[in-house]
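Chemist: data-v1.cif is reproduced below (mmCIF, C-alpha atoms).
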data_coords
loop_
_atom_site.label_atom_id
_atom_site.label_comp_id
_atom_site.auth_asym_id
_atom_site.auth_seq_id
_atom_site.Cartn_x
_atom_site.Cartn_y
_atom_site.Cartn_z
CA MET A 1 117.71 50.47 113.85
CA GLY A 2 117.40 53.02 111.14
CA VAL A 3 120.18 53.42 108.61
CA ASP A 4 121.67 56.95 108.19
CA GLU A 5 121.12 58.02 104.55
CA GLN A 6 124.58 59.60 104.46
CA THR A 7 126.20 56.21 104.98
CA LEU A 8 124.42 54.77 101.90
CA LEU A 9 126.36 57.00 99.44
CA ASP A 10 130.01 57.05 98.70
CA PRO A 11 131.45 60.43 99.90
CA LYS A 12 132.80 61.19 96.38
CA LEU A 13 129.42 60.46 94.84
CA GLN A 14 127.72 62.69 97.42
CA GLU A 15 130.19 65.49 96.64
CA TYR A 16 129.48 65.10 92.91
CA ILE A 17 125.69 65.26 93.47
CA ASP A 18 125.98 68.32 95.72
CA ARG A 19 128.14 70.09 93.14
CA LYS A 20 125.69 69.30 90.31
CA ILE A 21 122.76 70.60 92.38
CA LYS A 22 124.65 73.79 93.23
CA ASP A 23 125.65 74.32 89.57
CA GLY A 24 122.07 73.66 88.43
CA VAL A 25 120.63 76.17 90.89
CA ALA A 26 123.23 78.79 89.86
CA GLU A 27 122.45 78.20 86.17
CA ALA A 28 118.69 78.44 86.76
CA LEU A 29 119.11 81.72 88.67
CA ALA A 30 121.38 83.14 85.96
CA SER A 31 118.85 82.32 83.25
CA GLN A 32 116.05 84.21 85.01
CA PRO A 33 115.33 87.59 83.39
CA LYS A 34 116.79 90.37 85.50
CA GLU A 35 114.21 92.82 86.79
CA GLU A 36 115.25 96.25 85.54
CA LYS A 37 114.62 99.20 87.84
CA THR A 38 112.48 101.97 86.36
CA PRO A 39 114.52 105.19 86.06
CA ARG A 40 113.33 107.97 88.37
CA LEU A 41 113.48 111.77 88.05
CA ALA A 42 113.07 113.93 91.15
CA MET A 43 112.72 117.71 90.76
CA VAL A 44 112.28 120.66 93.10
CA ALA A 45 110.20 123.53 91.67
CA SER A 46 110.92 126.63 93.74
CA LYS A 47 109.80 129.50 91.49
CA GLY A 48 106.24 130.60 90.81
CA THR A 49 106.58 132.51 87.53
CA LEU A 50 105.23 131.34 84.18
CA ASP A 51 108.67 130.98 82.60
CA MET A 52 109.90 128.87 85.54
CA ALA A 53 106.74 126.72 85.74
CA TYR A 54 107.32 125.22 82.28
CA PRO A 55 110.74 123.51 82.74
CA PRO A 56 109.62 120.98 85.38
CA PHE A 57 106.58 119.97 83.31
CA ILE A 58 108.50 119.77 80.02
CA LEU A 59 111.09 117.55 81.72
CA ALA A 60 108.39 115.53 83.52
CA THR A 61 106.33 114.81 80.39
CA THR A 62 109.47 113.92 78.43
CA ALA A 63 110.68 111.57 81.18
CA VAL A 64 107.34 109.75 81.49
CA SER A 65 107.22 109.32 77.70
CA LEU A 66 110.53 107.44 78.10
CA GLY A 67 109.03 105.22 80.79
CA TRP A 68 110.48 107.04 83.81
CA GLU A 69 108.89 107.65 87.20
CA VAL A 70 108.69 111.38 88.02
CA GLY A 71 108.07 113.37 91.18
CA ILE A 72 108.08 117.15 91.55
CA PHE A 73 108.37 118.86 94.96
CA PHE A 74 106.78 122.34 94.91
CA THR A 75 108.18 124.61 97.57
CA PHE A 76 108.25 128.35 98.39
CA TYR A 77 106.88 130.33 95.41
CA GLY A 78 106.79 127.15 93.36
CA LEU A 79 103.75 126.25 95.44
CA ASP A 80 101.78 128.84 93.38
CA ILE A 81 101.97 126.39 90.46
CA LEU A 82 99.74 124.01 92.44
CA HIS A 83 97.44 126.71 93.85
CA LYS A 84 94.08 126.37 92.09
CA ASP A 85 93.42 130.14 92.21
CA ARG A 86 96.91 131.14 90.99
CA TYR A 87 98.31 128.64 88.49
CA LYS A 88 96.25 129.91 85.52
CA SER A 89 97.47 133.49 85.99
CA LEU A 90 101.22 133.11 86.59
CA LYS A 91 103.28 136.00 85.23
CA VAL A 92 106.79 136.52 83.83
CA GLY A 93 108.91 138.89 85.91
CA PRO A 94 111.00 141.06 83.57
CA ILE A 95 113.12 142.64 86.32
CA GLY A 96 116.32 140.74 86.94
CA ASN A 97 115.79 138.75 83.75
CA PRO A 98 118.49 140.25 81.50
CA ALA A 99 118.32 137.42 78.96
CA MET A 100 114.83 138.48 77.95
CA PRO A 101 114.79 140.00 74.46
CA PRO A 102 112.55 142.93 73.51
CA PRO A 103 109.32 142.23 71.60
CA ILE A 104 111.01 143.12 68.28
CA PRO A 105 111.66 139.98 66.19
CA ALA A 106 114.02 141.86 63.85
CA LEU A 107 116.35 142.73 66.75
CA PRO A 108 116.76 139.48 68.74
CA PHE A 109 120.28 140.46 69.82
CA LEU A 110 118.94 143.35 71.94
CA LYS A 111 118.20 142.72 75.58
CA VAL A 112 115.77 144.62 77.82
CA PRO A 113 117.67 146.79 80.32
CA ASN A 114 116.51 146.43 83.93
CA LEU A 115 115.55 150.12 83.98
CA ILE A 116 112.98 149.56 81.20
CA SER A 117 111.86 146.30 82.84
CA ALA A 118 110.93 148.29 85.95
CA LEU A 119 108.44 150.49 84.08
CA PRO A 120 104.75 150.00 84.94
CA GLY A 121 103.08 147.41 82.73
CA MET A 122 106.26 145.57 81.78
CA THR A 123 105.22 142.41 83.65
CA ALA A 124 102.09 142.26 81.49
CA VAL A 125 104.20 142.82 78.34
CA ALA A 126 106.70 140.12 79.33
CA THR A 127 103.88 137.68 80.15
CA ALA A 128 102.10 138.36 76.85
CA MET A 129 105.39 137.84 74.97
CA MET A 130 106.01 134.51 76.68
CA LYS A 131 102.46 133.33 76.00
CA SER A 132 102.78 134.28 72.32
CA TRP A 133 106.08 132.36 72.00
CA ILE A 134 104.45 129.32 73.66
CA ALA A 135 101.46 129.51 71.27
CA LYS A 136 103.69 129.96 68.17
CA ALA A 137 105.80 126.95 69.21
CA LYS A 138 102.55 124.95 69.65
CA ILE A 139 103.51 124.06 73.21
CA PRO A 140 100.52 123.20 75.41
CA THR A 141 99.38 125.81 77.92
CA LEU A 142 100.52 125.38 81.52
CA PRO A 143 97.13 123.94 82.63
CA GLU A 144 97.34 121.46 79.73
CA MET A 145 100.91 120.48 80.65
CA MET A 146 99.81 119.92 84.24
CA GLU A 147 96.86 117.79 83.11
CA ILE A 148 99.12 115.70 80.85
CA SER A 149 101.55 115.23 83.73
CA MET A 150 98.84 114.13 86.15
CA GLU A 151 97.33 111.73 83.62
CA SER A 152 100.84 110.28 83.18
CA ASP A 153 101.14 109.60 86.94
CA VAL A 154 103.68 112.34 87.66
CA ARG A 155 103.65 112.73 91.43
CA MET A 156 103.22 116.31 92.59
CA PHE A 157 104.38 116.92 96.13
CA ALA A 158 103.27 120.13 97.86
CA CYS A 159 105.68 121.21 100.62
CA GLY A 160 103.75 121.12 103.91
CA THR A 161 106.21 123.50 105.61
CA THR A 162 105.77 126.11 102.87
CA MET A 163 102.00 125.72 103.05
CA GLY A 164 102.06 126.47 106.79
CA MET A 165 104.40 129.42 106.31
CA MET A 166 102.32 130.96 103.50
CA GLY A 167 98.89 130.19 104.92
CA VAL A 168 97.96 127.75 102.17
CA VAL A 169 95.63 124.88 103.08
CA GLU A 170 95.11 121.61 101.23
CA GLU A 171 91.76 122.82 99.84
CA ASP A 172 93.65 125.62 98.01
CA LEU A 173 95.59 123.11 95.91
CA ILE A 174 94.64 121.48 92.64
CA GLU A 175 93.26 117.96 92.89
CA GLY A 176 95.75 115.10 92.88
CA CYS A 177 98.61 116.71 94.83
CA GLU A 178 100.31 115.02 97.76
CA VAL A 179 101.07 117.20 100.77
CA CYS A 180 104.30 116.09 102.42
CA GLY A 181 107.38 117.26 104.24
CA ALA A 182 110.95 117.41 103.02
CA THR A 183 111.76 114.02 104.57
CA THR A 184 109.12 112.25 102.45
CA PHE A 185 110.39 113.88 99.28
CA LEU A 186 114.02 113.19 100.17
CA ASP A 187 113.13 109.53 100.66
CA TYR A 188 111.58 109.55 97.16
CA ALA A 189 114.56 111.43 95.71
CA SER A 190 117.10 109.09 97.34
CA SER A 191 116.22 106.47 94.69
CA ALA A 192 116.30 108.94 91.79
CA ASN A 193 118.65 108.53 88.86
CA VAL A 194 118.41 112.25 88.11
CA SER A 195 117.66 115.07 90.59
CA MET A 196 117.15 118.72 89.67
CA PHE A 197 116.47 122.02 91.42
CA ILE A 198 114.54 124.53 89.31
#
What's the structure tokens form of this structure?
Modeler:
Amino acid sequence: MGVDEQTLLDPKLQEYIDRKIKDGVAEALASQPKEEKTPRLAMVASKGTLDMAYPPFILATTAVSLGWEVGIFFTFYGLDILHKDRYKSLKVGPIGNPAMPPPIPALPFLKVPNLISALPGMTAVATAMMKSWIAKAKIPTLPEMMEISMESDVRMFACGTTMGMMGVVEEDLIEGCEVCGATTFLDYASSANVSMFI
């Protein structure tokens, strides 16, 4: 007849051994380096003007330089930022933009009234002003910012619903975009540390 191993040890000795094993396992687990989760930024870009195309890319490139994961969901007019025939010629809309100063450096406290903003040619003036400010500040152009973002693995999600609504097909978009629906982006954003709507 075989002898049961449990009967060979004194119960108190068995309890001591079990406790030591449990404590050793707990100590070994505690000493393991904890895997830190990479911070994630999720943004929605909903506007297709030059002045509104910059914020998501400035935030994206800053976040990736800090080691963050970044995803931008382009929807409604924001989809123009990913449109290969439109993104290089985005404009600044002066109407309804009362914070915009006039092109007179000596008078920065003046603001452009909406009536003047509605005059023919003011969109071109506002766009030229913005481009000159960007150049003077030595900020990369929008195409350069987009290239930097893509090289840094920023995920660019094109809203499939908006594409269908606006007659945009995948071939119209710049290379490297992901076409998806809101549910896919929401799944991505559900793990984000920071979420923004621009």
Chemist: I'd like to see the residues matched by the PyMOL selection byres ((chain A and resi 155-162) around 7) on this file, and ideally I'd get them as a PyMOL selection string.
Modeler: chain A and resi 70-76+79+153-154+163-166+177-182
Chemist: What is the distance, in Å and to one decimal place, between atom CA of A:Thr38 and atom CA of A:Ala26?
Modeler: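 Result for atom CA of A:Thr38 versus atom CA of A:Ala26: 25.8 Å, one decimal.
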Chemist: Quick one: residues within 7 Å of stretch 135-142 of chain A, all atoms listed in the file counted, chain neighbours fewer than 4 positions away excluded, as a PyMOL selection string?
Modeler: chain A and resi 54+131+146
Chemist: Can I get the selection written as a compact mmCIF listing (two decimals), in the coordinates of the input, with C-alpha atoms?
Modeler:
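Contents of the output file part24.txt:
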# COMPACT_ATOMS: atom_id res chain seq x y z
CA TYR A 54 107.32 125.22 82.28
CA LYS A 131 102.46 133.33 76.00
CA MET A 146 99.81 119.92 84.24
Chemist: For the structure shown, which residues end up in the PyMOL selection byres ((chain A and resi 55-58) around 12)? Put them as a ChimeraX atom specification, please?
Modeler: /A:41-54,59-65,70-74,78,81,139-150,152,154-156,195-198
Chemist: Tell me, in Å to one decimal, how far atom CA of A:Ala192 is from atom CA of A:Lys37.
Modeler: 10.6 Å
Chemist: Could you check how far atom CA of A:Ala189 sits from atom CA of A:Lys88, in Å to one decimal?
Modeler: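 Distance between the two atoms: 27.9 Å.
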Chemist: Tell me which of A:Glu69, A:Asp10, A:Glu36, A:Glu15 sits closest to A:Ser191, counting all atoms listed in the file.
Modeler: A:Glu69
Chemist: Measuring between all atoms listed in the file, which one of A:Lys22, A:Lys84, A:Lys12, A:Lys91 shows the shortest distance to A:Val169?
Modeler: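 Of A:Lys22, A:Lys84, A:Lys12, A:Lys91, the one nearest A:Val169 is A:Lys84, counting all atoms listed in the file.
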Chemist: Would you give the centre and edge lengths, in Å to one decimal, of a box along x, y and z around the listed atoms of stretch 65-83 of chain A, with 3 Å added to each side, as lines of an AutoDock Vina configuration file?
Modeler:
center_x = 104.0
center_y = 117.8
center_z = 88.0
size_x = 19.1
size_y = 31.1
size_z = 26.7
Chemist: Just checking: using only C-alpha atoms, which residue out of A:Thr123, A:Ile174, A:Trp133, A:Asp23 ends up closest to A:Asp80?
Modeler: A:Ile174
Chemist: Let me make sure I understand: among A:Leu82, A:Ile134, A:Leu66, A:Leu90, which one has the smallest atom-to-atom distance to A:Leu173 if we use only C-alpha atoms?
Modeler: A:Leu82
